[in-house]
>>> print(open('my_file-v1.csv').read())   # CSV, C-alpha atoms and all ligand atoms
chain,number,residue,atom,x,y,z
D,613,MET,CA,-0.9,20.6,-11.8
D,614,GLU,CA,2.2,20.3,-14.0
D,615,ARG,CA,1.8,17.5,-16.6
D,616,TYR,CA,4.5,15.0,-16.9
D,617,ARG,CA,7.2,15.8,-19.5
D,618,PRO,CA,10.4,13.9,-19.3
D,619,LYS,CA,13.9,15.2,-19.9
D,620,LYS,CA,15.0,12.0,-21.6
D,621,ILE,CA,13.4,9.0,-23.2
D,622,LEU,CA,14.8,5.5,-23.1
D,623,VAL,CA,13.3,3.0,-25.6
D,624,GLU,CA,13.9,-0.7,-25.7
D,625,LYS,CA,14.9,-1.6,-29.2
D,626,SER,CA,12.4,-4.5,-29.3
D,627,ILE,CA,9.4,-2.2,-29.0
D,628,ARG,CA,10.6,0.8,-31.0
D,629,ASP,CA,8.2,0.4,-33.8
D,630,LEU,CA,5.0,-0.3,-31.8
D,631,PRO,CA,2.2,2.2,-32.3
D,632,LEU,CA,2.2,3.4,-28.7
D,633,THR,CA,6.0,3.9,-28.6
D,634,GLN,CA,5.7,6.0,-31.8
D,635,THR,CA,2.8,8.0,-30.5
D,636,VAL,CA,4.7,8.9,-27.3
D,637,ILE,CA,7.9,9.8,-29.1
D,638,LYS,CA,6.0,12.0,-31.6
D,639,ARG,CA,4.2,13.9,-28.8
D,640,LEU,CA,7.5,14.5,-27.0
D,641,LYS,CA,9.3,15.8,-30.1
D,642,GLY,CA,12.5,17.5,-29.2
D,643,ILE,CA,13.3,15.3,-26.1
D,644,PRO,CA,16.4,13.2,-26.6
D,645,VAL,CA,15.7,9.5,-27.2
D,646,ASP,CA,18.2,6.7,-26.5
D,647,TYR,CA,17.6,3.2,-27.9
D,648,ILE,CA,18.8,0.5,-25.5
D,649,ASN,CA,18.7,-3.3,-25.3
D,650,ARG,CA,17.1,-3.5,-21.9
D,651,VAL,CA,17.2,-1.8,-18.5
D,652,LYS,CA,18.3,-3.8,-15.6
D,653,PRO,CA,16.4,-3.4,-12.3
D,654,LEU,CA,18.4,-1.6,-9.6
D,655,PRO,CA,18.6,-2.9,-6.1
D,656,VAL,CA,15.8,-1.1,-4.2
D,657,GLU,CA,18.3,1.1,-2.2
D,658,ARG,CA,20.0,2.4,-5.3
D,659,ALA,CA,16.7,3.1,-6.9
D,660,GLN,CA,15.8,5.1,-3.8
D,661,ASP,CA,18.8,7.3,-4.0
D,662,SER,CA,18.1,8.5,-7.5
D,663,TRP,CA,14.3,8.5,-7.2
D,664,LEU,CA,13.2,12.1,-7.9
D,665,ASN,CA,15.8,12.7,-10.6
D,666,SER,CA,15.2,9.5,-12.4
D,667,GLN,CA,11.5,10.1,-12.8
D,668,LYS,CA,12.5,12.6,-15.4
D,669,THR,CA,13.5,9.7,-17.6
D,670,LEU,CA,10.7,8.0,-19.4
D,671,LEU,CA,11.3,4.3,-20.2
D,672,LEU,CA,9.3,2.8,-23.0
D,673,CYS,CA,9.6,-0.9,-22.8
D,674,LYS,CA,8.0,-4.3,-23.1
D,675,ASN,CA,6.1,-5.9,-20.2
D,676,LYS,CA,7.8,-9.2,-20.1
D,677,GLY,CA,5.6,-10.6,-17.3
D,678,ARG,CA,1.9,-10.6,-17.0
D,679,PHE,CA,-0.3,-7.4,-17.3
D,680,PHE,CA,-3.1,-8.9,-15.3
D,681,GLU,CA,-2.8,-9.8,-11.7
D,682,PRO,CA,-4.8,-10.0,-8.5
D,683,CYS,CA,-4.5,-7.0,-6.1
D,684,PRO,CA,-1.9,-7.8,-3.5
D,685,GLY,CA,-4.6,-7.2,-0.8
D,686,THR,CA,-3.5,-7.8,2.7
D,687,LYS,CA,-3.7,-10.9,4.9
D,688,ASN,CA,-6.2,-11.0,7.8
D,689,TYR,CA,-8.3,-8.1,6.5
D,690,LEU,CA,-11.4,-8.0,4.2
D,691,CYS,CA,-10.3,-7.5,0.6
D,692,CYS,CA,-12.6,-6.9,-2.4
D,693,LEU,CA,-10.8,-9.2,-4.8
D,694,TYR,CA,-9.9,-6.4,-7.2
D,695,LYS,CA,-7.7,-7.1,-10.2
D,696,ILE,CA,-4.9,-5.0,-11.5
D,697,LEU,CA,-3.8,-4.2,-15.1
D,698,ASN,CA,-0.2,-3.3,-14.9
D,699,VAL,CA,0.3,-0.8,-17.8
D,700,ALA,CA,2.9,1.5,-16.3
D,701,THR,CA,4.9,2.0,-13.1
D,702,ASN,CA,5.8,5.1,-11.1
D,703,CYS,CA,4.2,8.4,-10.8
D,704,HIS,CA,5.7,11.9,-10.8
D,705,LEU,CA,3.0,13.3,-8.4
D,706,ASN,CA,5.2,12.1,-5.5
D,707,CYS,CA,2.7,12.0,-2.7
D,708,THR,CA,4.7,11.8,0.5
D,709,TYR,CA,3.0,8.6,1.6
D,710,CYS,CA,3.1,6.8,-1.8
D,711,ILE,CA,3.8,3.1,-1.3
D,712,LEU,CA,5.6,2.9,-4.7
D,713,GLN,CA,8.6,4.5,-3.1
D,714,ALA,CA,9.3,1.4,-1.0
D,715,TYR,CA,8.2,-1.0,-3.7
D,716,LEU,CA,9.7,-0.3,-7.1
D,717,ASN,CA,13.2,-1.3,-8.0
D,718,ASN,CA,13.3,1.0,-11.0
D,719,PRO,CA,13.1,4.7,-10.4
D,720,PHE,CA,12.2,5.7,-14.0
D,721,MET,CA,8.7,6.4,-15.3
D,722,VAL,CA,7.9,3.2,-17.1
D,723,LEU,CA,5.4,2.7,-19.8
D,724,TYR,CA,4.7,-0.7,-21.3
D,725,THR,CA,3.9,-0.2,-24.9
D,726,ASN,CA,3.2,-3.8,-26.0
D,727,THR,CA,-0.5,-3.2,-25.6
D,728,ASN,CA,-1.3,-5.8,-28.3
D,729,GLU,CA,-0.1,-8.4,-25.9
D,730,MET,CA,-2.0,-6.8,-23.0
D,731,PHE,CA,-5.3,-7.1,-25.0
D,732,LYS,CA,-4.5,-10.7,-25.9
D,733,GLU,CA,-3.9,-11.5,-22.3
D,734,LEU,CA,-7.1,-9.8,-21.2
D,735,ASP,CA,-9.1,-11.6,-23.9
D,736,GLU,CA,-7.8,-14.9,-22.6
D,737,VAL,CA,-8.6,-14.2,-19.0
D,738,LEU,CA,-12.1,-12.7,-19.6
D,739,SER,CA,-13.2,-15.5,-21.9
D,740,GLN,CA,-11.9,-18.3,-19.6
D,741,HIS,CA,-14.5,-17.4,-16.9
D,742,PRO,CA,-17.3,-15.6,-18.7
D,743,LYS,CA,-19.6,-15.8,-15.7
D,744,THR,CA,-17.1,-14.2,-13.3
D,745,VAL,CA,-17.3,-10.4,-13.0
D,746,TYR,CA,-13.9,-8.7,-13.1
D,747,ARG,CA,-13.3,-5.2,-11.6
D,748,ILE,CA,-10.0,-4.2,-13.0
D,749,GLY,CA,-8.0,-1.1,-12.2
D,750,THR,CA,-4.9,0.5,-13.8
D,751,GLY,CA,-4.1,2.7,-10.8
D,752,GLU,CA,-2.1,0.4,-8.6
D,753,TYR,CA,1.5,0.9,-9.7
D,754,THR,CA,0.9,4.4,-11.1
D,755,ASP,CA,-1.9,7.0,-11.4
D,756,SER,CA,-4.3,5.8,-14.1
D,757,LEU,CA,-4.4,9.1,-16.0
D,758,VAL,CA,-1.0,10.7,-15.2
D,759,LEU,CA,0.5,9.8,-18.7
D,760,ASP,CA,-2.7,9.9,-20.7
D,761,HIS,CA,-1.9,13.2,-22.3
D,762,LEU,CA,1.1,11.5,-23.9
D,763,THR,CA,-0.4,8.0,-24.6
D,764,SER,CA,-4.2,8.5,-25.1
D,765,PHE,CA,-4.3,5.0,-23.7
D,766,THR,CA,-7.8,5.5,-22.4
D,767,ARG,CA,-9.0,5.8,-26.0
D,768,LEU,CA,-8.0,2.2,-26.5
D,769,ILE,CA,-8.9,0.7,-23.1
D,770,VAL,CA,-12.3,2.4,-22.5
D,771,PRO,CA,-13.9,1.1,-25.7
D,772,TYR,CA,-12.3,-2.3,-25.1
D,773,PHE,CA,-14.1,-2.6,-21.7
D,774,ALA,CA,-17.3,-1.4,-23.3
D,775,SER,CA,-17.2,-4.5,-25.6
D,776,ARG,CA,-16.7,-7.0,-22.7
D,777,ALA,CA,-19.7,-8.3,-20.9
D,778,ASN,CA,-18.0,-9.4,-17.7
D,779,ALA,CA,-15.5,-6.7,-16.9
D,780,PHE,CA,-15.5,-3.2,-15.5
D,781,LEU,CA,-12.6,-0.8,-15.7
D,782,GLU,CA,-11.7,1.6,-12.9
D,783,LEU,CA,-9.5,4.6,-13.7
D,784,LYS,CA,-8.1,6.0,-10.4
D,785,THR,CA,-6.5,9.4,-10.4
D,786,LYS,CA,-5.5,12.6,-8.7
D,787,THR,CA,-5.3,14.5,-11.9
D,788,ASP,CA,-7.6,16.3,-14.3
D,789,ILE,CA,-6.2,14.7,-17.4
D,790,ILE,CA,-9.6,13.6,-18.7
D,791,GLU,CA,-9.8,15.1,-22.2
D,792,ASN,CA,-9.3,11.8,-23.9
D,793,LEU,CA,-12.4,10.4,-22.2
D,794,GLU,CA,-14.7,12.8,-24.0
D,795,GLY,CA,-16.9,11.2,-26.7
D,796,LEU,CA,-15.8,7.6,-26.0
D,797,LYS,CA,-18.5,4.9,-26.2
D,798,HIS,CA,-17.9,3.6,-22.6
D,799,LYS,CA,-21.4,2.0,-22.2
D,800,GLY,CA,-21.1,2.5,-18.4
D,801,LYS,CA,-18.3,0.0,-18.2
D,802,THR,CA,-15.7,2.5,-17.0
D,803,ILE,CA,-15.8,4.0,-13.6
D,804,VAL,CA,-13.6,7.1,-13.2
D,805,SER,CA,-12.5,7.6,-9.6
D,806,TRP,CA,-10.7,10.3,-7.7
D,807,SER,CA,-8.7,10.1,-4.5
D,808,LEU,CA,-9.9,13.0,-2.4
D,809,ASN,CA,-8.4,14.4,0.7
D,810,ALA,CA,-8.7,17.3,3.1
D,811,GLU,CA,-7.2,20.5,1.7
D,812,PRO,CA,-4.3,20.7,4.2
D,813,VAL,CA,-3.4,17.1,3.4
D,814,ILE,CA,-3.4,18.0,-0.3
D,815,ARG,CA,-1.3,21.1,0.3
D,816,ASN,CA,1.3,19.3,2.4
D,817,GLU,CA,1.3,15.6,1.3
D,818,GLU,CA,0.1,15.7,-2.3
D,819,LYS,CA,1.8,18.9,-3.5
D,820,SER,CA,2.1,18.0,-7.1
D,821,ALA,CA,-1.3,16.5,-7.7
D,822,CYS,CA,-4.4,18.5,-8.7
D,823,SER,CA,-6.2,20.8,-6.2
D,824,LEU,CA,-9.4,19.5,-4.6
D,825,ASN,CA,-11.4,21.9,-6.7
D,826,ASP,CA,-9.8,20.6,-10.0
D,827,ARG,CA,-10.4,17.0,-9.0
D,828,VAL,CA,-14.1,17.6,-8.3
D,829,MET,CA,-14.5,19.7,-11.4
D,830,ALA,CA,-12.9,16.9,-13.5
D,831,ALA,CA,-15.3,14.4,-11.9
D,832,TYR,CA,-18.2,16.8,-12.7
D,833,GLN,CA,-17.1,16.9,-16.4
D,834,CYS,CA,-16.9,13.0,-16.5
D,835,GLN,CA,-20.4,12.9,-14.9
D,836,LYS,CA,-21.6,15.1,-17.8
D,837,TRP,CA,-20.1,12.6,-20.2
D,838,GLY,CA,-22.1,9.8,-18.6
D,839,TYR,CA,-19.4,8.1,-16.7
D,840,LYS,CA,-20.0,6.5,-13.3
D,841,LEU,CA,-17.8,7.9,-10.6
D,842,GLY,CA,-15.9,6.6,-7.6
D,843,PHE,CA,-14.3,8.5,-4.8
D,844,HIS,CA,-11.6,7.2,-2.5
D,845,PHE,CA,-10.8,8.9,0.8
D,846,ASP,CA,-7.6,6.9,1.2
D,847,PRO,CA,-5.5,7.7,3.1
D,848,LEU,CA,-7.6,9.4,5.7
D,849,ILE,CA,-5.2,11.4,7.8
D,850,TYR,CA,-5.8,12.0,11.5
D,851,TYR,CA,-4.8,15.4,12.9
D,852,PRO,CA,-6.3,17.9,15.2
D,853,GLY,CA,-9.2,19.5,13.3
D,854,TRP,CA,-9.5,16.8,10.7
D,855,GLU,CA,-13.3,16.7,11.2
D,856,SER,CA,-14.0,20.1,9.8
D,857,ASP,CA,-11.6,19.8,7.0
D,858,TYR,CA,-13.0,16.5,5.8
D,859,LYS,CA,-16.6,17.8,6.2
D,860,LYS,CA,-15.6,20.7,3.9
D,861,VAL,CA,-14.5,18.2,1.2
D,862,LEU,CA,-17.8,16.4,1.4
D,863,GLU,CA,-19.7,19.7,1.2
D,864,LYS,CA,-17.8,20.6,-2.0
D,865,LEU,CA,-18.2,17.1,-3.5
D,866,PHE,CA,-21.9,16.9,-2.9
D,867,ARG,CA,-22.6,20.5,-4.0
D,868,THR,CA,-21.1,19.6,-7.4
D,869,ILE,CA,-21.7,15.9,-8.0
D,870,GLU,CA,-25.1,14.1,-8.3
D,871,THR,CA,-25.1,11.2,-5.8
D,872,SER,CA,-26.9,9.0,-8.4
D,873,SER,CA,-23.7,8.9,-10.5
D,874,ILE,CA,-21.5,7.7,-7.6
D,875,CYS,CA,-20.8,4.0,-7.8
D,876,TRP,CA,-18.9,3.8,-4.5
D,877,ILE,CA,-16.9,5.7,-1.9
D,878,SER,CA,-14.1,4.0,-0.2
D,879,LEU,CA,-12.5,4.9,3.1
D,880,GLY,CA,-9.1,3.8,4.3
D,881,CYS,CA,-7.0,5.2,7.1
D,882,PHE,CA,-3.3,5.9,6.5
D,883,ARG,CA,-1.2,2.7,6.8
D,884,PHE,CA,2.3,1.9,5.6
D,885,ILE,CA,4.9,-0.9,5.5
D,886,PRO,CA,7.6,-0.2,8.1
D,887,LYS,CA,10.3,0.3,5.4
D,888,LEU,CA,8.5,3.3,4.0
D,889,LYS,CA,9.0,5.3,7.2
D,890,PRO,CA,12.7,6.1,6.7
D,891,ILE,CA,12.1,6.9,3.1
D,892,ILE,CA,9.4,9.5,3.9
D,893,LYS,CA,11.6,11.0,6.7
D,894,LYS,CA,14.5,11.4,4.4
D,895,ARG,CA,12.7,12.5,1.3
D,896,TYR,CA,10.0,14.7,2.8
D,897,PRO,CA,11.4,15.9,6.2
D,898,GLU,CA,8.7,18.6,6.3
D,899,SER,CA,5.8,16.0,6.1
D,900,GLY,CA,3.6,15.7,9.1
D,901,ILE,CA,2.1,12.4,8.2
D,902,LEU,CA,4.2,10.3,10.6
D,903,TYR,CA,3.5,12.4,13.7
D,904,GLN,CA,0.7,10.2,15.1
D,905,GLU,CA,1.2,7.0,17.0
D,906,PHE,CA,0.9,3.8,15.0
D,907,ILE,CA,0.5,0.1,15.9
D,908,ARG,CA,1.6,-2.8,13.8
D,909,GLY,CA,-1.5,-4.5,12.2
D,910,LEU,CA,-2.0,-8.2,11.5
D,911,ASP,CA,-0.5,-7.8,8.1
D,912,GLY,CA,2.7,-6.1,9.3
D,913,LYS,CA,1.5,-2.6,8.2
D,914,MET,CA,1.6,0.3,10.6
D,915,ARG,CA,-1.9,1.7,11.3
D,916,TYR,CA,-3.6,4.2,13.6
D,917,PHE,CA,-5.0,2.6,16.8
D,918,LYS,CA,-8.3,0.9,16.2
D,919,PRO,CA,-10.5,3.4,18.2
D,920,ILE,CA,-9.1,6.2,16.0
D,921,ARG,CA,-9.8,4.3,12.8
D,922,ILE,CA,-13.4,3.5,13.9
D,923,GLU,CA,-14.0,7.0,14.9
D,924,MET,CA,-12.8,8.4,11.6
D,925,TYR,CA,-14.8,5.9,9.5
D,926,ALA,CA,-18.0,6.2,11.6
D,927,LYS,CA,-18.0,10.0,11.3
D,928,MET,CA,-17.2,9.9,7.6
D,929,VAL,CA,-20.0,7.4,7.1
D,930,GLU,CA,-22.5,9.5,9.1
D,931,TRP,CA,-21.6,12.7,7.1
D,932,ILE,CA,-21.7,11.0,3.7
D,933,LYS,CA,-25.1,9.3,4.5
D,934,SER,CA,-26.5,12.7,5.6
D,935,TYR,CA,-26.3,13.7,1.9
D,936,ASP,CA,-27.7,10.4,0.5
D,937,SER,CA,-28.3,7.4,2.7
D,938,LYS,CA,-28.1,5.1,-0.4
D,939,ILE,CA,-24.5,5.8,-1.3
D,940,PHE,CA,-22.4,2.7,-1.2
D,941,ILE,CA,-19.4,3.0,1.2
D,942,TYR,CA,-16.8,0.3,1.8
D,943,LEU,CA,-13.6,0.1,3.8
D,944,CYS,CA,-10.3,-0.8,2.3
D,945,MET,CA,-8.3,-3.5,4.2
D,946,GLU,CA,-10.1,-3.5,7.5
D,947,SER,CA,-11.3,-6.2,9.8
D,948,GLU,CA,-14.9,-7.4,10.3
D,949,GLU,CA,-15.0,-5.7,13.7
D,950,VAL,CA,-14.0,-2.3,12.3
D,951,TRP,CA,-16.6,-2.7,9.6
D,952,LYS,CA,-19.3,-3.5,12.1
D,953,LYS,CA,-18.4,-0.7,14.4
D,954,SER,CA,-18.1,1.9,11.7
D,955,LEU,CA,-20.8,0.9,9.2
D,956,GLY,CA,-23.0,-1.3,11.3
D,957,VAL,CA,-22.5,-4.2,8.9
D,958,ALA,CA,-19.7,-6.3,7.5
D,959,PRO,CA,-19.3,-8.7,4.6
D,960,LEU,CA,-19.2,-12.3,5.5
D,961,SER,CA,-16.1,-12.9,3.4
D,962,ASN,CA,-13.9,-11.4,0.6
D,963,TRP,CA,-16.3,-13.0,-1.9
D,964,ASP,CA,-19.2,-11.3,-0.2
D,965,LEU,CA,-17.5,-8.0,-0.5
D,966,LYS,CA,-16.6,-8.6,-4.1
D,967,LYS,CA,-20.3,-9.3,-4.8
D,968,TRP,CA,-21.3,-6.1,-3.2
D,969,LEU,CA,-18.9,-4.1,-5.3
D,970,ASP,CA,-19.7,-6.0,-8.5
D,971,ASP,CA,-23.4,-5.2,-7.9
D,972,GLN,CA,-22.5,-1.5,-7.7
D,973,CYS,CA,-21.0,-1.6,-11.2
D,974,ARG,CA,-24.2,-3.0,-12.8
D,975,PRO,CA,-26.6,-0.5,-14.4
D,1001,LIG,S1,-1.0,9.8,-7.2
D,1001,LIG,FE1,-0.9,7.7,-6.4
D,1001,LIG,S2,0.7,6.7,-7.5
D,1001,LIG,FE2,1.0,8.9,-7.8
D,1001,LIG,S3,2.4,9.4,-6.2
D,1001,LIG,FE3,0.4,9.8,-5.4
D,1001,LIG,S4,-0.1,7.9,-4.3
D,1001,LIG,FE4,1.6,7.4,-5.6
>>> encode(input="my_file-v1.csv", output="structure tokens")
Amino acid sequence: MERYRPKKILVEKSIRDLPLTQTVIKRLKGIPVDYINRVKPLPVERAQDSWLNSQKTLLLCKNKGRFFEPCPGTKNYLCCLYKILNVATNCHLNCTYCILQAYLNNPFMVLYTNTNEMFKELDEVLSQHPKTVYRIGTGEYTDSLVLDHLTSFTRLIVPYFASRANAFLELKTKTDIIENLEGLKHKGKTIVSWSLNAEPVIRNEEKSACSLNDRVMAAYQCQKWGYKLGFHFDPLIYYPGWESDYKKVLEKLFRTIETSSICWISLGCFRFIPKLKPIIKKRYPESGILYQEFIRGLDGKMRYFKPIRIEMYAKMVEWIKSYDSKIFIYLCMESEEVWKKSLGVAPLSNWDLKKWLDDQCRP
């Protein structure tokens, strides 16, 4: 996997002296830096046009809004009440199905360097409700580790979560950029998660991300460093022969990773908002991801037909449980009916699902 290295850096003048800004500029010595007052968001269509090229520009700026926010979830489906820490946006791995393509109105790689304000905001939120358990992820608007070789951000955030009683951090990635995680006092409060997929899907739809083998080996290394692990089969892609390809992924995973270090495995079939379709078609005409039939779900997203989703989930659950029946598996954004038909059980509410996941984080 090629690690991100921009061709140009834009720096907002207001954050030029902050430690994280300085660290990144030093590590990218030789790359031209422009100091600017502020970048205006582009209309989404214009951002689309210049997407792949503009990712070569790294924008260091201030997050003027909130860092902490609830996961957007989706109406009418069970949601785990995850929370998001918005530390960066965009991702140069360019998976064909990436939702960010239809969502961001700024095509640059953006890193918010006012981390002092982020920690202040986190302190406030976590102290306000000390009895509430927070599962917080940094991998919603970017890949959690894709810039870590430039930022070493994990060396700040992992010890921070180790010091907070009521919060767990999830780092979600398709990379092997894990070197900064070595030797950190994480106290079991950070879960490092990998999105996994069948090898043909990785080859065709996740071309710039790490190979399956590299992801599993990175997880193995984190296991040796005492981290709890998560795995996300999301998006599961339906195609003739999917069964044997996904079975091979599970074989590789369980040959390498101890099931006792797995906090959770999530499953989610491919789904997309309708405006993503023309973007994928234009940007990745060779992608096969749209070949299936889709139906509009209750949340407006296009999904595989219900029987296909149930079949995929039920088979994945059966195969995973054949390695260890105690592994915790959950579905991402599915209905109670699909839960019951795939897993034999469904949470009673979003709060119920939240509690199941919170319990998985505890030692
Ligand atoms: S790794 Fe995640 S954030 Fe990055 S392009 Fe792929 S789906 Fe998008």
>>> residues_around(input="my_file-v1.csv", residues="Lys887 in chain D", least_positions_apart="5", cutoff="10 Å", atoms="all atoms listed in the file", output="ChimeraX atom specification")
/D:711,713-715,892,913
>>> closest_residue(input="my_file-v1.csv", among="D:Asp964, D:Asp936, D:Asp646, D:Asp971", to="Ile869 in chain D", atoms="only C-alpha atoms")
D:Asp936
>>> closest_residue(input="my_file-v1.csv", among="D:Pro847, D:Pro975, D:Pro742, D:Gly900", to="ligand LIG 1001 (chain D)", atoms="all atoms listed in the file")
D:Pro847
>>> residues_around(input="my_file-v1.csv", residues="Phe679 in chain D", least_positions_apart="3", cutoff="8 Å", atoms="all atoms listed in the file", output="count of residues only")
7
>>> residues_near_ligand(input="my_file-v1.csv", ligand="ligand LIG 1001 (chain D)", cutoff="9 Å", atoms="all atoms listed in the file", output="number ranges by chain")
D: 701-713, 751-756, 758, 784-787, 807, 817-818, 820-821
>>> atom_distance(input="my_file-v1.csv", atom1="CA of Lys918 in chain D", atom2="CA of Glu930 in chain D")
18.1 Å
>>> closest_residue(input="my_file-v1.csv", among="D:Glu905, D:Leu671, D:Tyr925, D:Leu841", to="Val950 in chain D", atoms="only C-alpha atoms")
D:Tyr925
>>> closest_residue(input="my_file-v1.csv", among="D:Phe882, D:Phe731, D:Tyr724, D:Tyr694", to="Phe773 in chain D", atoms="all atoms listed in the file")
D:Phe731
>>> atom_distance(input="my_file-v1.csv", atom1="CA of Leu848 in chain D", atom2="CA of Ala810 in chain D")
8.4 Å
>>> atom_distance(input="my_file-v1.csv", atom1="CA of Tyr839 in chain D", atom2="CA of Asn825 in chain D")
18.8 Å
>>> closest_residue(input="my_file-v1.csv", among="D:Lys966, D:Arg617, D:Arg908, D:Lys889", to="Leu690 in chain D", atoms="only C-alpha atoms")
D:Lys966
>>> residues_around(input="my_file-v1.csv", residues="Gln972 in chain D", least_positions_apart="6", cutoff="9 Å", atoms="all atoms listed in the file", output="list of chain:residue names")
D:Cys875, D:Trp876, D:Phe940
>>> closest_residue(input="my_file-v1.csv", among="D:Arg974, D:Arg827, D:His844, D:Lys641", to="Tyr942 in chain D", atoms="all atoms listed in the file")
D:His844
>>> residues_around(input="my_file-v1.csv", residues="range 623-631 of chain D", least_positions_apart="3", cutoff="6 Å", atoms="all atoms listed in the file", output="list in words")
Gln634, Tyr647, Ile648, Asn649, Arg650, Leu671, Leu672 and Cys673 of chain D
>>> residues_around(input="my_file-v1.csv", residues="Leu738 in chain D", least_positions_apart="2", cutoff="12 Å", atoms="only C-alpha atoms", output="list in words")
Phe680, Lys695, Phe731, Lys732, Glu733, Leu734, Asp735, Glu736, Gln740, His741, Pro742, Lys743, Thr744, Val745, Tyr746, Arg747, Ile748, Tyr772, Phe773, Ser775, Arg776, Ala777, Asn778, Ala779 and Phe780 of chain D
>>> residues_near_point(input="my_file-v1.csv", point="(-24.9, 6.5, -3.2)", cutoff="9 Å", atoms="only C-alpha atoms", output="PDB file with C-alpha atoms, keeping the file's coordinate frame")
ATOM      1  CA  THR D 871     -25.100  11.200  -5.800  1.00  0.00           C
ATOM      2  CA  SER D 872     -26.900   9.000  -8.400  1.00  0.00           C
ATOM      3  CA  SER D 873     -23.700   8.900 -10.500  1.00  0.00           C
ATOM      4  CA  ILE D 874     -21.500   7.700  -7.600  1.00  0.00           C
ATOM      5  CA  CYS D 875     -20.800   4.000  -7.800  1.00  0.00           C
ATOM      6  CA  TRP D 876     -18.900   3.800  -4.500  1.00  0.00           C
ATOM      7  CA  ILE D 877     -16.900   5.700  -1.900  1.00  0.00           C
ATOM      8  CA  ILE D 932     -21.700  11.000   3.700  1.00  0.00           C
ATOM      9  CA  LYS D 933     -25.100   9.300   4.500  1.00  0.00           C
ATOM     10  CA  TYR D 935     -26.300  13.700   1.900  1.00  0.00           C
ATOM     11  CA  ASP D 936     -27.700  10.400   0.500  1.00  0.00           C
ATOM     12  CA  SER D 937     -28.300   7.400   2.700  1.00  0.00           C
ATOM     13  CA  LYS D 938     -28.100   5.100  -0.400  1.00  0.00           C
ATOM     14  CA  ILE D 939     -24.500   5.800  -1.300  1.00  0.00           C
ATOM     15  CA  PHE D 940     -22.400   2.700  -1.200  1.00  0.00           C
ATOM     16  CA  ILE D 941     -19.400   3.000   1.200  1.00  0.00           C
TER      17      ILE D 941
END
>>> decode(input="my_file-v1.csv", residues="range 669-682 of chain D", atoms="N, CA and C atoms", output="CSV table (one decimal), in the first residue's frame")
chain,number,residue,atom,x,y,z
D,669,THR,N,-3.6,17.4,-2.4
D,669,THR,CA,-3.3,18.6,-1.6
D,669,THR,C,-3.8,18.3,-0.2
D,670,LEU,N,-2.9,18.5,0.8
D,670,LEU,CA,-3.2,18.3,2.2
D,670,LEU,C,-3.5,19.7,2.8
D,671,LEU,N,-4.7,19.8,3.4
D,671,LEU,CA,-5.1,21.0,4.0
D,671,LEU,C,-5.0,20.9,5.5
D,672,LEU,N,-4.2,21.7,6.1
D,672,LEU,CA,-4.1,21.7,7.6
D,672,LEU,C,-5.0,22.9,8.1
D,673,CYS,N,-5.9,22.6,8.9
D,673,CYS,CA,-6.8,23.8,9.2
D,673,CYS,C,-7.5,23.5,10.6
D,674,LYS,N,-8.3,24.5,11.0
D,674,LYS,CA,-9.0,24.4,12.3
D,674,LYS,C,-10.3,23.8,12.1
D,675,ASN,N,-10.7,22.9,13.0
D,675,ASN,CA,-12.1,22.5,12.9
D,675,ASN,C,-12.9,23.5,13.7
D,676,LYS,N,-13.7,24.3,12.9
D,676,LYS,CA,-14.5,25.4,13.5
D,676,LYS,C,-15.8,24.9,14.1
D,677,GLY,N,-16.2,23.7,13.8
D,677,GLY,CA,-17.4,23.2,14.4
D,677,GLY,C,-17.1,22.3,15.5
D,678,ARG,N,-17.9,21.2,15.7
D,678,ARG,CA,-17.7,20.3,16.8
D,678,ARG,C,-16.9,19.1,16.3
D,679,PHE,N,-16.0,18.6,17.2
D,679,PHE,CA,-15.3,17.4,16.8
D,679,PHE,C,-16.2,16.1,17.1
D,680,PHE,N,-17.0,16.2,18.1
D,680,PHE,CA,-17.7,15.1,18.6
D,680,PHE,C,-19.1,15.1,18.1
D,681,GLU,N,-19.6,14.1,17.5
D,681,GLU,CA,-21.0,14.1,17.1
D,681,GLU,C,-21.6,12.6,17.0
D,682,PRO,N,-22.9,12.5,17.1
D,682,PRO,CA,-23.5,11.2,17.0
D,682,PRO,C,-23.3,10.6,15.5
